[in-house]
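For reference, input_29.csv is printed below; it contains CSV, C-alpha atoms.
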```
chain,number,residue,atom,x,y,z
V,182,MET,CA,78.2,147.6,119.6
V,183,ASN,CA,80.4,144.7,120.8
V,184,ALA,CA,83.4,142.9,119.4
V,185,PRO,CA,84.7,139.7,121.1
V,186,ARG,CA,88.3,139.5,122.4
V,187,LEU,CA,89.1,137.0,119.6
V,188,ALA,CA,88.0,139.4,116.8
V,189,TRP,CA,91.4,140.3,115.4
V,190,PRO,CA,92.8,136.7,115.7
V,191,ALA,CA,89.7,135.5,113.9
V,192,ARG,CA,90.1,138.1,111.2
V,193,VAL,CA,93.7,137.1,110.7
V,194,LEU,CA,92.7,133.5,110.4
V,195,ALA,CA,90.0,134.4,107.9
V,196,LEU,CA,92.7,136.2,105.8
V,197,CYS,CA,94.9,133.1,106.0
V,198,PHE,CA,92.0,130.9,104.9
V,199,ALA,CA,91.4,133.2,102.0
V,200,LEU,CA,95.0,133.2,100.9
V,201,GLY,CA,95.0,129.4,101.3
V,202,ALA,CA,92.1,129.0,98.9
V,203,ALA,CA,93.2,131.8,96.5
V,204,VAL,CA,97.0,131.2,96.4
V,205,PHE,CA,98.4,128.2,98.2
V,206,PRO,CA,97.6,125.3,98.5
V,207,GLY,CA,94.3,126.0,96.7
V,208,PHE,CA,95.7,127.8,93.7
V,209,GLY,CA,92.3,129.4,93.0
V,210,THR,CA,93.6,132.6,91.5
V,211,VAL,CA,96.4,130.8,89.7
V,212,ASP,CA,94.1,128.4,88.0
V,213,LEU,CA,91.6,131.2,87.2
V,214,ALA,CA,94.4,133.0,85.4
V,215,VAL,CA,95.3,130.0,83.2
V,216,PRO,CA,92.6,130.5,80.6
V,217,ILE,CA,93.7,134.1,80.3
V,218,VAL,CA,97.4,133.4,79.7
V,219,ALA,CA,98.2,129.7,79.6
V,220,PRO,CA,101.8,129.1,80.6
V,221,SER,CA,102.1,126.1,78.3
V,222,PRO,CA,100.2,124.1,75.6
V,223,SER,CA,99.4,121.4,78.1
V,224,PHE,CA,97.6,123.8,80.3
V,225,ILE,CA,95.4,125.2,77.5
V,226,GLN,CA,93.9,121.8,76.9
V,227,ALA,CA,92.5,121.9,80.4
V,228,ALA,CA,91.6,125.6,80.3
V,229,VAL,CA,87.9,125.2,81.3
V,230,LEU,CA,88.8,122.7,84.1
V,231,GLU,CA,91.5,125.1,85.4
V,232,GLY,CA,89.0,128.0,85.2
V,233,GLY,CA,86.3,126.1,86.9
V,234,TRP,CA,88.5,125.1,89.8
V,235,GLY,CA,89.6,128.8,90.0
V,236,LEU,CA,86.0,130.0,90.1
V,237,VAL,CA,85.1,127.8,93.0
V,238,LEU,CA,88.2,128.4,95.1
V,239,SER,CA,88.5,132.1,94.3
V,240,LEU,CA,85.0,133.5,94.1
V,241,LEU,CA,83.0,131.0,96.2
V,242,VAL,CA,85.5,130.3,98.9
V,243,ALA,CA,88.3,132.9,99.0
V,244,VAL,CA,86.0,135.9,98.6
V,245,PRO,CA,83.8,135.0,101.6
V,246,PHE,CA,86.8,134.6,103.8
V,247,PHE,CA,88.2,137.9,102.6
V,248,VAL,CA,84.8,139.5,103.4
V,249,ILE,CA,85.0,138.2,107.0
V,250,PHE,CA,88.6,139.6,107.3
V,251,LEU,CA,87.4,143.0,106.1
V,252,ASN,CA,84.1,143.1,108.0
V,253,PRO,CA,83.0,140.3,110.3
V,254,ALA,CA,79.5,141.8,110.4
V,255,ALA,CA,78.9,140.0,107.1
V,256,ARG,CA,80.0,136.7,108.6
V,257,ALA,CA,76.6,134.9,108.5
V,258,ALA,CA,76.2,135.0,104.8
V,259,ALA,CA,79.9,134.6,104.1
V,260,LEU,CA,80.4,131.5,106.4
V,261,GLY,CA,77.1,130.1,105.1
V,262,GLU,CA,78.4,130.3,101.6
V,263,VAL,CA,81.6,128.5,102.5
V,264,VAL,CA,79.7,125.7,104.2
V,265,VAL,CA,77.4,125.3,101.2
V,266,VAL,CA,80.4,125.0,98.9
V,267,GLY,CA,82.1,122.5,101.2
V,268,VAL,CA,79.1,120.3,101.4
V,269,VAL,CA,78.6,120.3,97.6
V,270,ILE,CA,82.2,119.5,97.0
V,271,GLY,CA,82.0,116.5,99.3
V,272,LEU,CA,78.8,115.3,97.6
V,273,THR,CA,80.1,115.5,94.1
V,274,GLY,CA,83.3,113.9,95.1
V,275,VAL,CA,81.5,110.9,96.6
V,276,LEU,CA,79.2,110.6,93.6
V,277,SER,CA,82.3,110.6,91.4
V,278,GLY,CA,83.8,107.8,93.4
V,279,ARG,CA,86.4,110.2,94.9
V,280,PRO,CA,85.9,110.1,98.7
V,281,GLU,CA,89.1,112.1,99.2
V,282,PHE,CA,87.0,115.2,98.4
V,283,LEU,CA,85.4,114.8,101.8
V,284,THR,CA,88.7,116.2,103.3
V,285,ALA,CA,88.0,119.5,101.5
V,286,THR,CA,84.5,119.4,103.0
V,287,ALA,CA,85.9,118.8,106.5
V,288,ALA,CA,88.5,121.5,106.1
V,289,LEU,CA,86.0,124.1,105.0
V,290,GLY,CA,83.6,123.1,107.7
V,291,LEU,CA,86.3,123.3,110.3
V,292,CYS,CA,87.4,126.8,109.1
V,293,ALA,CA,83.9,128.1,109.1
V,294,GLY,CA,83.0,126.7,112.5
V,295,LEU,CA,86.2,128.0,114.1
V,296,LEU,CA,85.6,131.5,112.8
V,297,ALA,CA,81.9,131.4,113.8
V,298,ALA,CA,83.0,130.5,117.4
V,299,MET,CA,85.7,133.1,117.6
V,300,LEU,CA,83.4,135.9,116.3
V,301,ARG,CA,80.4,134.9,118.4
V,302,GLY,CA,78.8,138.0,119.9
V,303,TRP,CA,80.2,140.4,117.2
V,304,THR,CA,77.7,143.2,116.8
V,305,THR,CA,80.0,146.0,115.5
V,306,THR,CA,78.9,147.4,112.2
V,307,GLY,CA,81.7,147.6,109.7
V,308,ARG,CA,82.5,150.9,108.0
V,309,PRO,CA,84.4,151.7,104.8
V,310,GLN,CA,88.1,151.9,105.4
V,311,ALA,CA,90.7,153.6,103.3
V,312,TRP,CA,93.1,150.7,103.6
V,313,HIS,CA,90.6,148.4,102.0
V,314,LEU,CA,90.9,150.4,98.8
V,315,VAL,CA,94.7,150.4,99.1
V,316,LEU,CA,94.6,146.6,99.6
V,317,ALA,CA,92.6,146.2,96.4
V,318,ALA,CA,94.8,148.5,94.4
V,319,VAL,CA,98.1,146.9,95.2
V,320,PRO,CA,97.6,143.7,93.0
V,321,PHE,CA,96.6,145.9,90.1
V,322,ALA,CA,99.7,148.0,90.5
V,323,GLY,CA,101.7,144.8,90.5
V,324,ALA,CA,99.9,143.6,87.4
V,325,ALA,CA,100.7,146.9,85.6
V,326,THR,CA,104.4,146.6,86.6
V,327,ALA,CA,104.6,143.0,85.5
V,328,LEU,CA,103.0,143.9,82.1
V,329,VAL,CA,105.5,146.6,81.5
V,330,LEU,CA,108.3,144.1,82.3
V,331,GLY,CA,106.8,141.7,79.8
V,332,ALA,CA,105.8,139.1,82.4
V,333,ALA,CA,102.3,138.4,81.0
V,334,VAL,CA,101.6,135.3,83.1
V,335,SER,CA,102.4,137.2,86.4
V,336,ALA,CA,100.4,140.2,85.2
V,337,ALA,CA,97.3,138.0,84.5
V,338,TRP,CA,97.6,136.3,87.9
V,339,LEU,CA,97.9,139.6,89.8
V,340,GLY,CA,95.0,141.0,87.8
V,341,VAL,CA,92.8,138.1,88.9
V,342,VAL,CA,94.0,138.6,92.5
V,343,GLY,CA,93.1,142.3,92.3
V,344,ALA,CA,89.6,141.4,91.0
V,345,VAL,CA,89.0,138.9,93.8
V,346,VAL,CA,90.1,141.4,96.5
V,347,THR,CA,88.1,144.2,94.9
V,348,LEU,CA,85.0,142.1,94.9
V,349,ALA,CA,85.6,141.2,98.6
V,350,VAL,CA,86.0,144.9,99.4
V,351,VAL,CA,82.7,145.8,97.7
V,352,LEU,CA,80.8,142.9,99.5
V,353,SER,CA,82.3,143.7,102.9
V,354,ARG,CA,80.7,147.2,102.7
V,355,TRP,CA,77.3,145.6,102.6
V,356,GLY,CA,77.5,144.4,106.2
V,357,ALA,CA,74.8,142.3,107.7
V,358,ILE,CA,71.8,142.2,105.3
V,359,PRO,CA,68.9,139.8,106.1
V,360,ASP,CA,67.8,137.2,103.6
V,361,SER,CA,65.1,138.3,101.2
V,362,ARG,CA,61.5,137.0,101.3
V,363,SER,CA,61.2,137.5,97.5
V,364,PRO,CA,60.4,134.3,95.5
V,365,LEU,CA,62.6,135.5,92.6
V,366,PRO,CA,65.8,133.9,93.8
V,367,LEU,CA,64.1,130.5,94.0
V,368,VAL,CA,62.6,131.1,90.5
V,369,LEU,CA,66.0,131.9,89.1
V,370,ALA,CA,67.5,128.8,90.7
V,371,THR,CA,64.7,126.6,89.5
V,372,ALA,CA,65.0,127.9,85.9
V,373,ALA,CA,68.7,126.9,85.8
V,374,ALA,CA,68.4,123.7,87.9
V,375,LEU,CA,68.0,121.3,85.0
V,376,PRO,CA,70.9,122.5,82.8
V,377,TRP,CA,73.3,122.9,85.7
V,378,THR,CA,72.3,119.5,87.1
V,379,TRP,CA,72.8,118.0,83.6
V,380,TYR,CA,76.2,119.6,83.4
V,381,ALA,CA,77.2,118.4,86.9
V,382,ALA,CA,76.0,114.8,86.0
V,383,ASP,CA,78.2,114.9,82.9
V,384,MET,CA,81.2,116.1,85.0
V,385,ILE,CA,80.6,113.3,87.5
V,386,GLY,CA,80.5,110.8,84.7
V,387,ALA,CA,83.8,112.2,83.3
V,388,ALA,CA,85.4,111.8,86.7
V,389,SER,CA,84.1,108.2,87.0
V,390,GLU,CA,85.3,107.3,83.5
V,391,GLY,CA,88.7,108.9,84.0
V,392,ARG,CA,88.1,111.2,81.0
V,393,GLU,CA,91.1,113.2,79.6
V,394,PRO,CA,92.6,115.5,80.5
V,395,ILE,CA,93.5,114.5,84.0
V,396,ASP,CA,94.1,117.7,86.0
V,397,ILE,CA,95.1,117.4,89.6
V,398,THR,CA,95.5,120.0,92.3
V,399,MET,CA,96.1,119.3,96.0
V,400,GLY,CA,95.7,115.6,95.1
V,401,LEU,CA,92.1,116.3,93.8
V,402,ASP,CA,90.8,115.7,90.3
V,403,HIS,CA,89.2,118.8,88.7
V,404,TRP,CA,86.3,117.0,87.1
V,405,PRO,CA,84.3,116.6,90.4
V,406,MET,CA,85.0,120.3,91.2
V,407,GLN,CA,83.4,121.2,87.9
V,408,ALA,CA,80.3,119.3,89.0
V,409,ALA,CA,80.5,121.1,92.3
V,410,LEU,CA,80.5,124.4,90.5
V,411,GLY,CA,77.2,123.7,88.8
V,412,ILE,CA,75.3,122.5,91.9
V,413,THR,CA,76.7,125.2,94.1
V,414,LEU,CA,75.6,128.0,91.7
V,415,ILE,CA,72.0,126.7,92.0
V,416,ALA,CA,72.1,126.6,95.8
V,417,LEU,CA,73.6,130.0,96.2
V,418,ALA,CA,71.3,131.6,93.7
V,419,ALA,CA,68.3,130.2,95.5
V,420,TRP,CA,69.5,131.5,98.9
V,421,GLY,CA,68.0,135.0,98.7
V,422,HIS,CA,71.0,136.9,100.0
V,423,PRO,CA,72.9,139.5,98.0
V,424,ILE,CA,76.4,138.3,98.9
V,425,PRO,CA,76.0,134.7,97.6
V,426,ALA,CA,73.9,136.0,94.7
V,427,THR,CA,76.7,138.3,93.6
V,428,THR,CA,79.5,135.7,93.9
V,429,SER,CA,77.4,133.0,92.2
V,430,GLY,CA,76.2,135.4,89.5
V,431,ILE,CA,79.8,136.5,88.6
V,432,ALA,CA,81.0,132.8,88.8
V,433,SER,CA,78.3,131.8,86.3
V,434,MET,CA,79.2,134.7,84.0
V,435,GLY,CA,82.9,133.7,84.2
V,436,PHE,CA,82.0,130.1,83.4
V,437,GLY,CA,79.9,131.3,80.4
V,438,ALA,CA,82.9,133.4,79.2
V,439,LEU,CA,85.1,130.3,79.5
V,440,ALA,CA,82.6,128.1,77.5
V,441,MET,CA,82.4,130.7,74.7
V,442,ALA,CA,86.2,131.2,74.6
V,443,TYR,CA,87.0,127.4,74.6
V,444,PRO,CA,83.8,125.8,73.1
V,445,ASP,CA,85.6,122.6,72.0
V,446,HIS,CA,87.7,122.0,75.0
V,447,ALA,CA,87.2,119.5,77.8
V,448,ALA,CA,84.4,120.4,80.3
V,449,SER,CA,83.0,123.1,78.0
V,450,PRO,CA,79.3,122.9,77.2
V,451,GLY,CA,79.8,125.0,74.1
V,452,THR,CA,79.0,128.5,72.9
V,453,ILE,CA,75.2,128.4,73.2
V,454,TRP,CA,75.2,127.1,76.7
V,455,GLY,CA,78.0,129.5,77.5
V,456,VAL,CA,75.8,132.4,76.5
V,457,ALA,CA,73.0,131.0,78.6
V,458,ALA,CA,75.2,130.7,81.6
V,459,LEU,CA,76.4,134.3,81.1
V,460,VAL,CA,72.9,135.7,80.8
V,461,TRP,CA,71.6,133.7,83.8
V,462,GLY,CA,74.6,134.8,85.9
V,463,LEU,CA,74.0,138.4,84.9
V,464,THR,CA,70.4,138.1,86.0
V,465,VAL,CA,71.3,136.6,89.4
V,466,LEU,CA,74.0,139.3,89.9
V,467,SER,CA,71.5,142.0,89.0
V,468,TRP,CA,69.0,140.7,91.6
V,469,GLY,CA,71.8,140.7,94.2
V,470,LEU,CA,72.6,144.3,93.4
V,471,LEU,CA,69.0,145.3,93.5
V,472,ARG,CA,68.5,143.5,96.8
V,473,ARG,CA,71.4,145.4,98.2
V,474,GLY,CA,70.0,148.7,97.0
V,475,ALA,CA,66.6,147.9,98.5
V,476,ALA,CA,68.2,147.0,101.9
V,477,ARG,CA,70.2,150.2,101.9
V,478,ARG,CA,67.1,152.3,101.3
V,479,GLN,CA,65.3,150.5,104.1
V,480,ASP,CA,68.2,151.2,106.5
V,481,ALA,CA,68.2,154.9,105.5
V,482,THR,CA,64.4,155.1,106.1
V,483,ARG,CA,64.7,153.4,109.5
V,484,ASP,CA,67.6,155.7,110.5
V,485,ARG,CA,65.5,158.8,109.7
V,486,LYS,CA,62.6,157.5,111.7
V,487,GLU,CA,64.8,156.7,114.7
V,488,THR,CA,66.7,160.1,114.6
V,489,PRO,CA,65.0,162.5,117.2
V,490,LEU,CA,64.0,165.9,115.9
V,491,THR,CA,65.6,168.9,117.7
V,492,THR,CA,64.0,172.3,117.6
V,493,HIS,CA,66.3,175.3,118.0
V,494,ARG,CA,64.9,178.6,119.3
```
Could I get this structure in the form of structure tokens?
Amino acid sequence: MNAPRLAWPARVLALCFALGAAVFPGFGTVDLAVPIVAPSPSFIQAAVLEGGWGLVLSLLVAVPFFVIFLNPAARAAALGEVVVVGVVIGLTGVLSGRPEFLTATAALGLCAGLLAAMLRGWTTTGRPQAWHLVLAAVPFAGAATALVLGAAVSAAWLGVVGAVVTLAVVLSRWGAIPDSRSPLPLVLATAAALPWTWYAADMIGAASEGREPIDITMGLDHWPMQAALGITLIALAAWGHPIPATTSGIASMGFGALAMAYPDHAASPGTIWGVAALVWGLTVLSWGLLRRGAARRQDATRDRKETPLTTHR
């Protein structure tokens, strides 16, 4: 059991990175709340674009950073997920003729590399902590209060924040789980590769054409980020680790719900493809949960074998 001297500074940095992606300047949770309660008619026109940006920055970036803050033992999968997202964002940005997206790639890579260096040598196994549950409950309490006060927009945002933190708390309890040798993740990714790639290509085309609506966050157009969402979900589903499988599965389900709720809006593939994305995401999520359960049973079996038997006379 060993924790490096820079463990707590690294965890604080991970929290800052998570808040940066989820709140400011990334606006991940803010944008994810827009399709729930749009603050104005102009925002509702870009509901799917807003939601897509929110899914990437909240579920696929902020959640892994939150996981590291809560339990650095899960850093390998969490940091790997951040790197995958960063690389895909840069790729889709370049293909869209938007090289400025490479700044996001560099930023995420720098954050991941810094945390990996600071947490090098960490072997301490994380345990469930009561304050984790309190941390997850606070945003929901705020949402309930805002709802009572009639602040629907604030309530929606705080509810999204609570959901993101709760997911991170759950994943942080999984600790360090090795990648699966099962071919099923690759099969699931292959099955969805064509439709997700087609969707990403359409989003790249929309960015290149300057298709309306133009939605900008941090100086970056949302269309290439929609493309990044599709490609990233394929990569994370194929990985074979329960943490990226869970986040990508939930992100696909969220996207499917958006497509069904806003079938005629920009960046929406329509109701049928929305249902397909939801079902596929549920399948990926189910595999992640089953993989976690299998790993837990293996750990329990190993612990029983390693525990010496004591005879009392």
- Rounded to one decimal in Å, what is the spacing between atom CA of V:Leu339 and atom CA of V:Trp461?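 Going from atom CA of V:Leu339 over to atom CA of V:Trp461, I get 27.6 Å.
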- Query: Quick one: residues within 8 Å of V:Leu410, all atoms listed in the file counted, chain neighbours fewer than 5 positions away excluded, as a PyMOL selection string?
  - Reply: chain V and resi 233+236-237+381
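Interatomic distance, atom CA of V:Pro450 to atom CA of V:Ile225: 16.3 Å.
Between V:Pro376 and the candidates V:Ala475, V:Ala257, V:Ala458, V:Ala195, the tightest atom-to-atom separation, counting all atoms listed in the file, involves V:Ala458.
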Can you tell me which residues surround stretch 358-364 of chain V at a distance of at most 8 Å, considering only C-alpha atoms, apart from same-chain residues fewer than 4 positions away, and format the answer as an mmCIF file with C-alpha atoms, in the frame of the given file?
```
data_model
loop_
_atom_site.group_PDB
_atom_site.id
_atom_site.type_symbol
_atom_site.label_atom_id
_atom_site.label_comp_id
_atom_site.auth_asym_id
_atom_site.auth_seq_id
_atom_site.Cartn_x
_atom_site.Cartn_y
_atom_site.Cartn_z
ATOM 1 C CA ALA V 255 78.900 140.000 107.100
ATOM 2 C CA VAL V 368 62.600 131.100 90.500
ATOM 3 C CA TRP V 420 69.500 131.500 98.900
ATOM 4 C CA GLY V 421 68.000 135.000 98.700
ATOM 5 C CA HIS V 422 71.000 136.900 100.000
ATOM 6 C CA PRO V 423 72.900 139.500 98.000
ATOM 7 C CA ARG V 472 68.500 143.500 96.800
ATOM 8 C CA ARG V 473 71.400 145.400 98.200
ATOM 9 C CA ALA V 476 68.200 147.000 101.900
#
```
